[in-house]
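**Q** Sharing query-v3.pdb (PDB, C-alpha atoms, pLDDT in the B column) below.
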MODEL        1
ATOM      1  CA  MET A  13     216.933   5.970  80.654  1.00 58.00           C
ATOM      2  CA  THR A  14     215.814   9.591  80.559  1.00 60.00           C
ATOM      3  CA  SER A  15     217.741  10.215  77.338  1.00 71.00           C
ATOM      4  CA  ILE A  16     216.096   7.246  75.634  1.00 69.00           C
ATOM      5  CA  THR A  17     212.668   8.416  76.795  1.00 70.00           C
ATOM      6  CA  GLN A  18     213.309  11.917  75.449  1.00 69.00           C
ATOM      7  CA  ARG A  19     214.504  10.534  72.127  1.00 63.00           C
ATOM      8  CA  ILE A  20     211.404   8.350  71.849  1.00 66.00           C
ATOM      9  CA  ALA A  21     209.170  11.314  72.673  1.00 66.00           C
ATOM     10  CA  THR A  22     210.982  13.481  70.115  1.00 67.00           C
ATOM     11  CA  LEU A  23     210.700  10.775  67.479  1.00 62.00           C
ATOM     12  CA  PHE A  24     206.997  10.397  68.221  1.00 58.00           C
ATOM     13  CA  ARG A  25     206.436  14.141  67.826  1.00 66.00           C
ATOM     14  CA  VAL A  26     208.379  14.180  64.567  1.00 62.00           C
ATOM     15  CA  LYS A  27     206.343  11.278  63.185  1.00 60.00           C
ATOM     16  CA  ALA A  28     203.095  12.844  64.380  1.00 58.00           C
ATOM     17  CA  ASN A  29     203.944  16.227  62.837  1.00 58.00           C
ATOM     18  CA  LYS A  30     204.897  14.561  59.570  1.00 57.00           C
ATOM     19  CA  ALA A  31     201.640  12.591  59.490  1.00 56.00           C
ATOM     20  CA  LEU A  32     199.614  15.697  60.335  1.00 54.00           C
ATOM     21  CA  ASP A  33     201.410  17.745  57.697  1.00 57.00           C
ATOM     22  CA  LYS A  34     200.658  15.087  55.089  1.00 61.00           C
ATOM     23  CA  ALA A  35     196.998  14.867  56.076  1.00 60.00           C
ATOM     24  CA  GLU A  36     196.536  18.636  56.418  1.00 70.00           C
ATOM     25  CA  ASP A  37     194.643  20.425  53.665  1.00 79.00           C
ATOM     26  CA  PRO A  38     195.374  24.200  53.654  1.00 80.00           C
ATOM     27  CA  ARG A  39     191.920  24.908  52.243  1.00 83.00           C
ATOM     28  CA  GLU A  40     190.244  23.209  55.190  1.00 86.00           C
ATOM     29  CA  VAL A  41     192.479  25.098  57.619  1.00 86.00           C
ATOM     30  CA  LEU A  42     191.572  28.416  55.987  1.00 86.00           C
ATOM     31  CA  ASP A  43     187.860  27.614  56.082  1.00 89.00           C
ATOM     32  CA  TYR A  44     188.136  26.651  59.758  1.00 89.00           C
ATOM     33  CA  SER A  45     189.986  29.879  60.578  1.00 89.00           C
ATOM     34  CA  TYR A  46     187.329  31.878  58.748  1.00 90.00           C
ATOM     35  CA  GLU A  47     184.564  30.193  60.729  1.00 92.00           C
ATOM     36  CA  GLN A  48     186.425  30.936  63.963  1.00 91.00           C
ATOM     37  CA  GLN A  49     186.651  34.608  63.031  1.00 91.00           C
ATOM     38  CA  ARG A  50     182.954  34.700  62.165  1.00 91.00           C
ATOM     39  CA  GLU A  51     182.109  33.207  65.544  1.00 92.00           C
ATOM     40  CA  MET A  52     184.286  35.847  67.235  1.00 91.00           C
ATOM     41  CA  LEU A  53     182.535  38.578  65.270  1.00 90.00           C
ATOM     42  CA  GLN A  54     179.187  37.154  66.304  1.00 92.00           C
ATOM     43  CA  ARG A  55     180.219  37.242  69.981  1.00 91.00           C
ATOM     44  CA  VAL A  56     181.309  40.871  69.639  1.00 90.00           C
ATOM     45  CA  ARG A  57     177.986  41.739  68.045  1.00 91.00           C
ATOM     46  CA  ARG A  58     176.143  40.072  70.907  1.00 92.00           C
ATOM     47  CA  GLY A  59     178.279  42.114  73.327  1.00 90.00           C
ATOM     48  CA  VAL A  60     177.292  45.329  71.560  1.00 91.00           C
ATOM     49  CA  ALA A  61     173.663  44.298  71.734  1.00 92.00           C
ATOM     50  CA  ASP A  62     173.959  43.553  75.468  1.00 92.00           C
ATOM     51  CA  VAL A  63     175.551  46.937  76.153  1.00 92.00           C
ATOM     52  CA  ALA A  64     172.898  48.681  74.074  1.00 92.00           C
ATOM     53  CA  THR A  65     170.185  46.823  76.002  1.00 93.00           C
ATOM     54  CA  SER A  66     171.687  47.936  79.320  1.00 92.00           C
ATOM     55  CA  ARG A  67     171.916  51.512  78.080  1.00 92.00           C
ATOM     56  CA  LYS A  68     168.280  51.420  77.031  1.00 93.00           C
ATOM     57  CA  ARG A  69     167.261  50.050  80.421  1.00 93.00           C
ATOM     58  CA  VAL A  70     169.099  52.886  82.158  1.00 92.00           C
ATOM     59  CA  GLU A  71     167.353  55.396  79.917  1.00 92.00           C
ATOM     60  CA  LEU A  72     163.989  53.954  80.889  1.00 94.00           C
ATOM     61  CA  GLN A  73     164.886  54.147  84.593  1.00 92.00           C
ATOM     62  CA  MET A  74     166.026  57.735  84.152  1.00 91.00           C
ATOM     63  CA  SER A  75     162.776  58.616  82.422  1.00 91.00           C
ATOM     64  CA  GLN A  76     160.737  57.073  85.225  1.00 92.00           C
ATOM     65  CA  LEU A  77     162.776  58.882  87.899  1.00 91.00           C
ATOM     66  CA  GLN A  78     162.431  62.177  86.067  1.00 92.00           C
ATOM     67  CA  GLN A  79     158.681  61.689  85.980  1.00 92.00           C
ATOM     68  CA  SER A  80     158.735  60.886  89.701  1.00 91.00           C
ATOM     69  CA  ALA A  81     160.830  63.989  90.424  1.00 91.00           C
ATOM     70  CA  GLY A  82     158.376  66.131  88.525  1.00 91.00           C
ATOM     71  CA  LYS A  83     155.477  64.627  90.433  1.00 90.00           C
ATOM     72  CA  LEU A  84     157.178  65.251  93.810  1.00 88.00           C
ATOM     73  CA  GLN A  85     157.871  68.851  92.808  1.00 89.00           C
ATOM     74  CA  GLY A  86     154.179  69.325  92.073  1.00 91.00           C
ATOM     75  CA  GLN A  87     153.184  67.729  95.369  1.00 88.00           C
ATOM     76  CA  ALA A  88     155.512  70.038  97.292  1.00 89.00           C
ATOM     77  CA  GLU A  89     153.972  73.064  95.650  1.00 89.00           C
ATOM     78  CA  GLN A  90     150.439  71.819  96.404  1.00 89.00           C
ATOM     79  CA  ALA A  91     151.362  71.158 100.056  1.00 87.00           C
ATOM     80  CA  LEU A  92     152.658  74.702 100.467  1.00 86.00           C
ATOM     81  CA  ALA A  93     149.490  76.022  98.869  1.00 87.00           C
ATOM     82  CA  VAL A  94     147.317  74.348 101.500  1.00 86.00           C
ATOM     83  CA  GLY A  95     149.622  75.291 104.349  1.00 85.00           C
ATOM     84  CA  ARG A  96     151.242  71.867 104.825  1.00 87.00           C
ATOM     85  CA  GLU A  97     154.851  72.806 105.011  1.00 87.00           C
ATOM     86  CA  ASP A  98     155.760  69.448 106.502  1.00 89.00           C
ATOM     87  CA  LEU A  99     154.354  67.611 103.454  1.00 88.00           C
ATOM     88  CA  ALA A 100     156.099  70.030 101.171  1.00 89.00           C
ATOM     89  CA  ARG A 101     159.390  69.438 102.999  1.00 89.00           C
ATOM     90  CA  GLU A 102     158.944  65.600 102.667  1.00 89.00           C
ATOM     91  CA  ALA A 103     158.136  65.853  98.974  1.00 89.00           C
ATOM     92  CA  LEU A 104     161.201  68.018  98.357  1.00 89.00           C
ATOM     93  CA  ALA A 105     163.419  65.576 100.272  1.00 91.00           C
ATOM     94  CA  ARG A 106     162.201  62.710  98.167  1.00 90.00           C
ATOM     95  CA  ARG A 107     162.706  64.730  95.001  1.00 90.00           C
ATOM     96  CA  THR A 108     166.279  65.389  96.066  1.00 91.00           C
ATOM     97  CA  ALA A 109     166.885  61.650  96.532  1.00 92.00           C
ATOM     98  CA  VAL A 110     165.373  60.941  93.120  1.00 91.00           C
ATOM     99  CA  ALA A 111     167.571  63.621  91.591  1.00 91.00           C
ATOM    100  CA  SER A 112     170.618  61.908  93.117  1.00 92.00           C
ATOM    101  CA  GLN A 113     169.558  58.607  91.576  1.00 91.00           C
ATOM    102  CA  ILE A 114     169.104  60.315  88.236  1.00 90.00           C
ATOM    103  CA  THR A 115     172.627  61.714  88.484  1.00 92.00           C
ATOM    104  CA  ASP A 116     174.026  58.238  89.152  1.00 92.00           C
ATOM    105  CA  LEU A 117     172.070  56.786  86.231  1.00 91.00           C
ATOM    106  CA  GLU A 118     173.331  59.546  83.984  1.00 91.00           C
ATOM    107  CA  GLY A 119     176.916  58.507  84.834  1.00 92.00           C
ATOM    108  CA  GLN A 120     176.094  54.866  84.103  1.00 91.00           C
ATOM    109  CA  HIS A 121     174.387  55.884  80.909  1.00 92.00           C
ATOM    110  CA  ALA A 122     177.433  57.848  79.746  1.00 93.00           C
ATOM    111  CA  SER A 123     179.740  54.900  80.565  1.00 92.00           C
ATOM    112  CA  LEU A 124     177.506  52.443  78.721  1.00 91.00           C
ATOM    113  CA  LYS A 125     177.260  54.763  75.766  1.00 91.00           C
ATOM    114  CA  GLU A 126     181.066  55.020  75.628  1.00 92.00           C
ATOM    115  CA  GLN A 127     181.429  51.223  75.784  1.00 90.00           C
ATOM    116  CA  GLU A 128     178.785  50.805  73.125  1.00 90.00           C
ATOM    117  CA  ASP A 129     180.565  53.234  70.806  1.00 92.00           C
ATOM    118  CA  LYS A 130     183.912  51.465  71.322  1.00 91.00           C
ATOM    119  CA  LEU A 131     182.393  48.040  70.719  1.00 90.00           C
ATOM    120  CA  THR A 132     180.569  49.302  67.647  1.00 91.00           C
ATOM    121  CA  LEU A 133     183.819  50.662  66.216  1.00 92.00           C
ATOM    122  CA  ALA A 134     185.633  47.415  67.087  1.00 90.00           C
ATOM    123  CA  THR A 135     182.879  45.426  65.424  1.00 91.00           C
ATOM    124  CA  GLN A 136     183.153  47.462  62.248  1.00 91.00           C
ATOM    125  CA  ARG A 137     186.925  46.976  62.153  1.00 92.00           C
ATOM    126  CA  LEU A 138     186.569  43.275  62.850  1.00 91.00           C
ATOM    127  CA  GLU A 139     183.975  42.953  60.094  1.00 91.00           C
ATOM    128  CA  ALA A 140     186.378  44.614  57.668  1.00 93.00           C
ATOM    129  CA  LYS A 141     189.177  42.229  58.714  1.00 92.00           C
ATOM    130  CA  VAL A 142     186.922  39.177  58.393  1.00 92.00           C
ATOM    131  CA  ASP A 143     185.783  40.282  54.937  1.00 93.00           C
ATOM    132  CA  ALA A 144     189.402  40.876  53.874  1.00 92.00           C
ATOM    133  CA  PHE A 145     190.380  37.468  55.250  1.00 91.00           C
ATOM    134  CA  ARG A 146     187.512  35.835  53.352  1.00 91.00           C
ATOM    135  CA  THR A 147     188.678  37.429  50.092  1.00 92.00           C
ATOM    136  CA  ARG A 148     192.273  36.434  50.755  1.00 91.00           C
ATOM    137  CA  LYS A 149     191.163  32.954  51.757  1.00 88.00           C
ATOM    138  CA  GLU A 150     189.282  32.369  48.527  1.00 91.00           C
ATOM    139  CA  THR A 151     192.250  33.668  46.519  1.00 90.00           C
ATOM    140  CA  ILE A 152     194.660  31.323  48.299  1.00 89.00           C
ATOM    141  CA  LYS A 153     192.267  28.382  47.932  1.00 87.00           C
ATOM    142  CA  ALA A 154     191.873  29.020  44.214  1.00 89.00           C
ATOM    143  CA  GLY A 155     195.642  29.244  43.761  1.00 89.00           C
ATOM    144  CA  TYR A 156     196.228  26.091  45.800  1.00 84.00           C
ATOM    145  CA  THR A 157     193.589  24.172  43.859  1.00 87.00           C
ATOM    146  CA  ALA A 158     195.074  25.266  40.521  1.00 88.00           C
ATOM    147  CA  THR A 159     198.608  24.407  41.654  1.00 85.00           C
ATOM    148  CA  GLU A 160     197.479  21.042  42.978  1.00 81.00           C
ATOM    149  CA  ALA A 161     195.747  20.215  39.698  1.00 86.00           C
ATOM    150  CA  GLN A 162     198.800  21.288  37.700  1.00 84.00           C
ATOM    151  CA  THR A 163     201.053  19.188  39.919  1.00 79.00           C
ATOM    152  CA  ARG A 164     198.855  16.111  39.534  1.00 78.00           C
ATOM    153  CA  ILE A 165     198.731  16.548  35.762  1.00 80.00           C
ATOM    154  CA  THR A 166     202.511  16.968  35.605  1.00 78.00           C
ATOM    155  CA  GLU A 167     203.025  13.894  37.786  1.00 70.00           C
ATOM    156  CA  ALA A 168     200.669  11.896  35.593  1.00 70.00           C
ATOM    157  CA  VAL A 169     202.434  13.012  32.410  1.00 71.00           C
ATOM    158  CA  THR A 170     205.924  12.410  33.754  1.00 70.00           C
ATOM    159  CA  GLY A 171     204.933   9.234  35.585  1.00 61.00           C
ATOM    160  CA  ILE A 172     206.367  10.334  38.936  1.00 60.00           C
ATOM    161  CA  GLY A 173     203.050  10.366  40.752  1.00 56.00           C
ATOM    162  CA  GLU A 174     202.179   7.628  43.223  1.00 57.00           C
ATOM    163  CA  GLU A 175     199.476   6.057  41.041  1.00 59.00           C
ATOM    164  CA  MET A 176     201.413   6.324  37.787  1.00 56.00           C
ATOM    165  CA  GLY A 177     204.571   5.251  39.583  1.00 60.00           C
ATOM    166  CA  ASP A 178     202.857   2.054  40.697  1.00 66.00           C
ATOM    167  CA  VAL A 179     201.685   1.430  37.129  1.00 65.00           C
ATOM    168  CA  GLY A 180     205.198   1.990  35.791  1.00 65.00           C
ATOM    169  CA  LEU A 181     206.686  -0.403  38.344  1.00 72.00           C
ATOM    170  CA  ALA A 182     204.082  -3.037  37.500  1.00 74.00           C
ATOM    171  CA  MET A 183     204.854  -2.726  33.793  1.00 73.00           C
ATOM    172  CA  GLN A 184     208.584  -2.961  34.487  1.00 79.00           C
ATOM    173  CA  ARG A 185     208.088  -6.076  36.614  1.00 82.00           C
ATOM    174  CA  ALA A 186     205.940  -7.680  33.903  1.00 83.00           C
ATOM    175  CA  GLN A 187     208.553  -6.883  31.248  1.00 83.00           C
ATOM    176  CA  ASP A 188     211.379  -8.244  33.403  1.00 84.00           C
ATOM    177  CA  LYS A 189     209.438 -11.420  34.123  1.00 84.00           C
ATOM    178  CA  THR A 190     208.660 -11.892  30.412  1.00 86.00           C
ATOM    179  CA  GLU A 191     212.316 -11.496  29.478  1.00 83.00           C
ATOM    180  CA  GLN A 192     213.289 -13.909  32.231  1.00 85.00           C
ATOM    181  CA  LEU A 193     210.817 -16.533  30.964  1.00 83.00           C
ATOM    182  CA  GLN A 194     212.034 -16.047  27.386  1.00 82.00           C
ATOM    183  CA  ALA A 195     215.633 -16.524  28.472  1.00 85.00           C
ATOM    184  CA  ARG A 196     214.682 -19.629  30.443  1.00 81.00           C
ATOM    185  CA  ALA A 197     212.780 -21.098  27.487  1.00 79.00           C
ATOM    186  CA  GLY A 198     215.754 -20.437  25.160  1.00 79.00           C
ATOM    187  CA  ALA A 199     218.169 -22.052  27.616  1.00 79.00           C
ATOM    188  CA  LEU A 200     215.951 -25.136  27.949  1.00 74.00           C
ATOM    189  CA  ASP A 201     215.721 -25.472  24.158  1.00 73.00           C
ATOM    190  CA  GLU A 202     219.518 -25.353  23.909  1.00 73.00           C
ATOM    191  CA  LEU A 203     219.899 -27.964  26.648  1.00 72.00           C
ATOM    192  CA  ILE A 204     217.385 -30.285  24.972  1.00 68.00           C
ATOM    193  CA  ALA A 205     219.109 -29.846  21.591  1.00 68.00           C
ATOM    194  CA  SER A 206     222.503 -30.612  23.117  1.00 66.00           C
ATOM    195  CA  GLY A 207     221.157 -33.707  24.839  1.00 60.00           C
ATOM    196  CA  ALA A 208     221.772 -32.401  28.327  1.00 61.00           C
ATOM    197  CA  LEU A 209     218.031 -32.668  28.977  1.00 58.00           C
ATOM    198  CA  ASP A 210     215.474 -35.189  27.714  1.00 60.00           C
ATOM    199  CA  ASP A 211     212.353 -34.116  25.892  1.00 59.00           C
ATOM    200  CA  ALA A 212     209.477 -35.167  28.107  1.00 60.00           C
ATOM    201  CA  THR A 213     207.166 -35.419  25.075  1.00 60.00           C
ATOM    202  CA  LEU A 214     209.174 -38.378  23.645  1.00 56.00           C
ATOM    203  CA  PRO A 215     208.302 -41.954  24.698  1.00 57.00           C
ATOM    204  CA  ALA A 216     210.158 -43.296  27.686  1.00 54.00           C
ATOM    205  CA  GLY A 217     213.527 -44.979  26.927  1.00 52.00           C
ATOM    206  CA  ARG A 218     214.248 -43.073  23.671  1.00 53.00           C
ATOM    207  CA  ASP A 219     217.247 -40.831  23.309  1.00 59.00           C
ATOM    208  CA  ASP A 220     218.488 -38.578  20.512  1.00 62.00           C
ATOM    209  CA  ILE A 221     220.681 -41.253  18.871  1.00 66.00           C
ATOM    210  CA  GLN A 222     217.777 -43.668  18.703  1.00 65.00           C
ATOM    211  CA  ALA A 223     215.564 -40.939  17.258  1.00 65.00           C
ATOM    212  CA  GLU A 224     218.122 -40.150  14.527  1.00 67.00           C
ATOM    213  CA  LEU A 225     218.522 -43.864  13.648  1.00 67.00           C
ATOM    214  CA  GLU A 226     214.764 -44.260  13.353  1.00 69.00           C
ATOM    215  CA  ARG A 227     214.589 -41.239  11.061  1.00 67.00           C
ATOM    216  CA  VAL A 228     217.303 -42.617   8.724  1.00 68.00           C
ATOM    217  CA  THR A 229     215.771 -46.124   8.759  1.00 73.00           C
ATOM    218  CA  ALA A 230     212.348 -44.748   7.951  1.00 68.00           C
ATOM    219  CA  GLY A 231     213.764 -42.921   4.901  1.00 68.00           C
ATOM    220  CA  SER A 232     215.514 -46.096   3.624  1.00 74.00           C
ATOM    221  CA  ASP A 233     212.332 -48.096   4.010  1.00 72.00           C
ATOM    222  CA  VAL A 234     210.421 -45.572   1.896  1.00 73.00           C
ATOM    223  CA  GLU A 235     213.032 -45.674  -0.922  1.00 77.00           C
ATOM    224  CA  LEU A 236     213.088 -49.486  -0.892  1.00 80.00           C
ATOM    225  CA  GLU A 237     209.298 -49.715  -1.050  1.00 80.00           C
ATOM    226  CA  LEU A 238     209.201 -47.218  -3.935  1.00 80.00           C
ATOM    227  CA  ALA A 239     211.774 -49.240  -5.941  1.00 82.00           C
ATOM    228  CA  GLN A 240     209.766 -52.420  -5.399  1.00 83.00           C
ATOM    229  CA  MET A 241     206.606 -50.691  -6.661  1.00 83.00           C
ATOM    230  CA  LYS A 242     208.408 -49.508  -9.806  1.00 81.00           C
ATOM    231  CA  ALA A 243     209.729 -53.041 -10.485  1.00 84.00           C
ATOM    232  CA  GLN A 244     206.211 -54.478 -10.278  1.00 84.00           C
ATOM    233  CA  LEU A 245     204.867 -52.108 -12.909  1.00 83.00           C
ATOM    234  CA  PRO A 246     204.472 -53.692 -16.497  1.00 74.00           C
ATOM    235  CA  ALA A 247     206.649 -52.394 -19.327  1.00 62.00           C
ATOM    236  CA  SER A 248     203.650 -50.903 -21.219  1.00 54.00           C
ATOM    237  CA  ALA A 249     202.810 -48.763 -18.228  1.00 52.00           C
ATOM    238  CA  ALA A 250     206.377 -47.632 -17.803  1.00 49.00           C
ATOM    239  CA  ALA A 251     206.742 -46.207 -21.359  1.00 49.00           C
ATOM    240  CA  PRO A 252     203.945 -43.650 -21.146  1.00 50.00           C
ATOM    241  CA  ALA A 253     205.250 -42.635 -17.806  1.00 47.00           C
ATOM    242  CA  VAL A 254     208.557 -41.774 -19.464  1.00 45.00           C
ATOM    243  CA  GLU A 255     206.810 -39.915 -22.310  1.00 47.00           C
ATOM    244  CA  GLY A 256     204.766 -37.965 -19.857  1.00 46.00           C
ATOM    245  CA  GLY A 257     207.921 -36.868 -18.147  1.00 45.00           C
ATOM    246  CA  GLY A 258     209.738 -35.412 -21.293  1.00 45.00           C
ATOM    247  CA  THR A 259     210.746 -35.839 -25.061  1.00 46.00           C
ATOM    248  CA  ARG A 260     211.207 -39.473 -26.255  1.00 47.00           C
ATOM    249  CA  GLN A 261     214.658 -40.199 -27.729  1.00 48.00           C
ATOM    250  CA  ALA A 262     215.042 -42.322 -31.013  1.00 47.00           C
ATOM    251  CA  PRO A 263     217.171 -45.536 -31.069  1.00 48.00           C
ATOM    252  CA  PRO A 264     220.770 -45.024 -32.030  1.00 47.00           C
ATOM    253  CA  ASP A 265     220.504 -46.874 -35.504  1.00 48.00           C
ATOM    254  CA  GLN A 266     217.511 -44.772 -36.612  1.00 45.00           C
ATOM    255  CA  GLU A 267     219.236 -41.588 -35.636  1.00 45.00           C
ATOM    256  CA  ALA A 268     222.255 -42.545 -37.805  1.00 42.00           C
ATOM    257  CA  THR A 269     220.128 -43.440 -40.862  1.00 42.00           C
ATOM    258  CA  SER A 270     218.294 -40.179 -40.790  1.00 39.00           C
TER
ENDMDL
END
Can the structure from this file be put into structure tokens for me?

**A**
Amino acid sequence: MTSITQRIATLFRVKANKALDKAEDPREVLDYSYEQQREMLQRVRRGVADVATSRKRVELQMSQLQQSAGKLQGQAEQALAVGREDLAREALARRTAVASQITDLEGQHASLKEQEDKLTLATQRLEAKVDAFRTRKETIKAGYTATEAQTRITEAVTGIGEEMGDVGLAMQRAQDKTEQLQARAGALDELIASGALDDATLPAGRDDIQAELERVTAGSDVELELAQMKAQLPASAAAPAVEGGGTRQAPPDQEATS
């Protein structure tokens, strides 16, 4: 049971791959791949922008802390000037804490700057690859389109294409059917002539012997009627008819005298 199931699954995959391969257009696949690469490039660019934004935010925080440290330094000096050592000590302690925060932000800033530089370089390389792929894609598409057109033209000329093949088969079937009908018509004519088949156009009850007898009888009737018409003609009318047909011959006695 398992073997049959595996064979069915394999057959299904084979059929599916064959159908997909037939329906697949390489130009569409290339365009889709190009769009996927462009989307990836766009995501990398957004990543660079996010890192640059974070770096800029750290720079702003560092600037604010530096301003605060400068202010605390001034307050400490003013406190010492008025004899408030305690205030000066507090201001210096706060400035030290701010300086520590600035040091931490400087480390973050350096890390963000390094990431930004790497992402910028990766983006430039990816842009170059996407542009090269686009050029290659258009070249392949143009070649495929030209080859496809040449193939279709060749198939049309040679008649091996699907459309022209169907036309050729239809013409062959029509020719075969015509020859078959001609052969059938010739065979029927021979059978009718031999008497094996009756002519449906003749009246019912007549056969070929009867038809031949009627033809001979009709000819005899015409000859008989013509002889009767000649016998009824007067002698005066018969003489000119003879003259009109050729040269009149003299009686035998006159021909001897002359």

**Q** Just how far from atom CA of A:Arg146 is atom CA of A:Ala134, in Å to one decimal?

**A**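 Spanning atom CA of A:Ala134 to atom CA of A:Arg146 is a straight-line distance of 18.1 Å.
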
**Q** Output the residue selection produced by the PyMOL selection byres ((chain A and resi 52-64) around 7) on the file above, formatted as a list of chain:residue names.

**A**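 For this structure, the PyMOL selection byres ((chain A and resi 52-64) around 7) resolves to A:Gln48, A:Gln49, A:Arg50, A:Glu51, A:Thr65, A:Ser66, A:Arg67, A:Lys68, A:Leu124, A:Glu128, A:Leu131, A:Thr132, A:Thr135, A:Leu138, A:Glu139.
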
**Q** Expressed in Å to a single decimal, how great is the separation between atom CA of A:Ala111 and atom CA of A:Glu89?

**A**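 Value for the atom CA of A:Ala111-atom CA of A:Glu89 distance: 17.0 Å.
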
**Q** When you draw a straight line from atom CA of A:Val70 to atom CA of A:Gly119, how long is it in Å?

**A** 10.0 Å

**Q** Using all atoms listed in the file, which protein or nucleic acid residues come within 7 Å of stretch 72-87 of chain A? Drop anything in the same chain fewer than 5 positions from it, and give the result as a list in words.

**A**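 Selected residues are Ala100, Ala103, Leu104, Arg107, Val110, Ala111, Ile114 and Leu117 of chain A.
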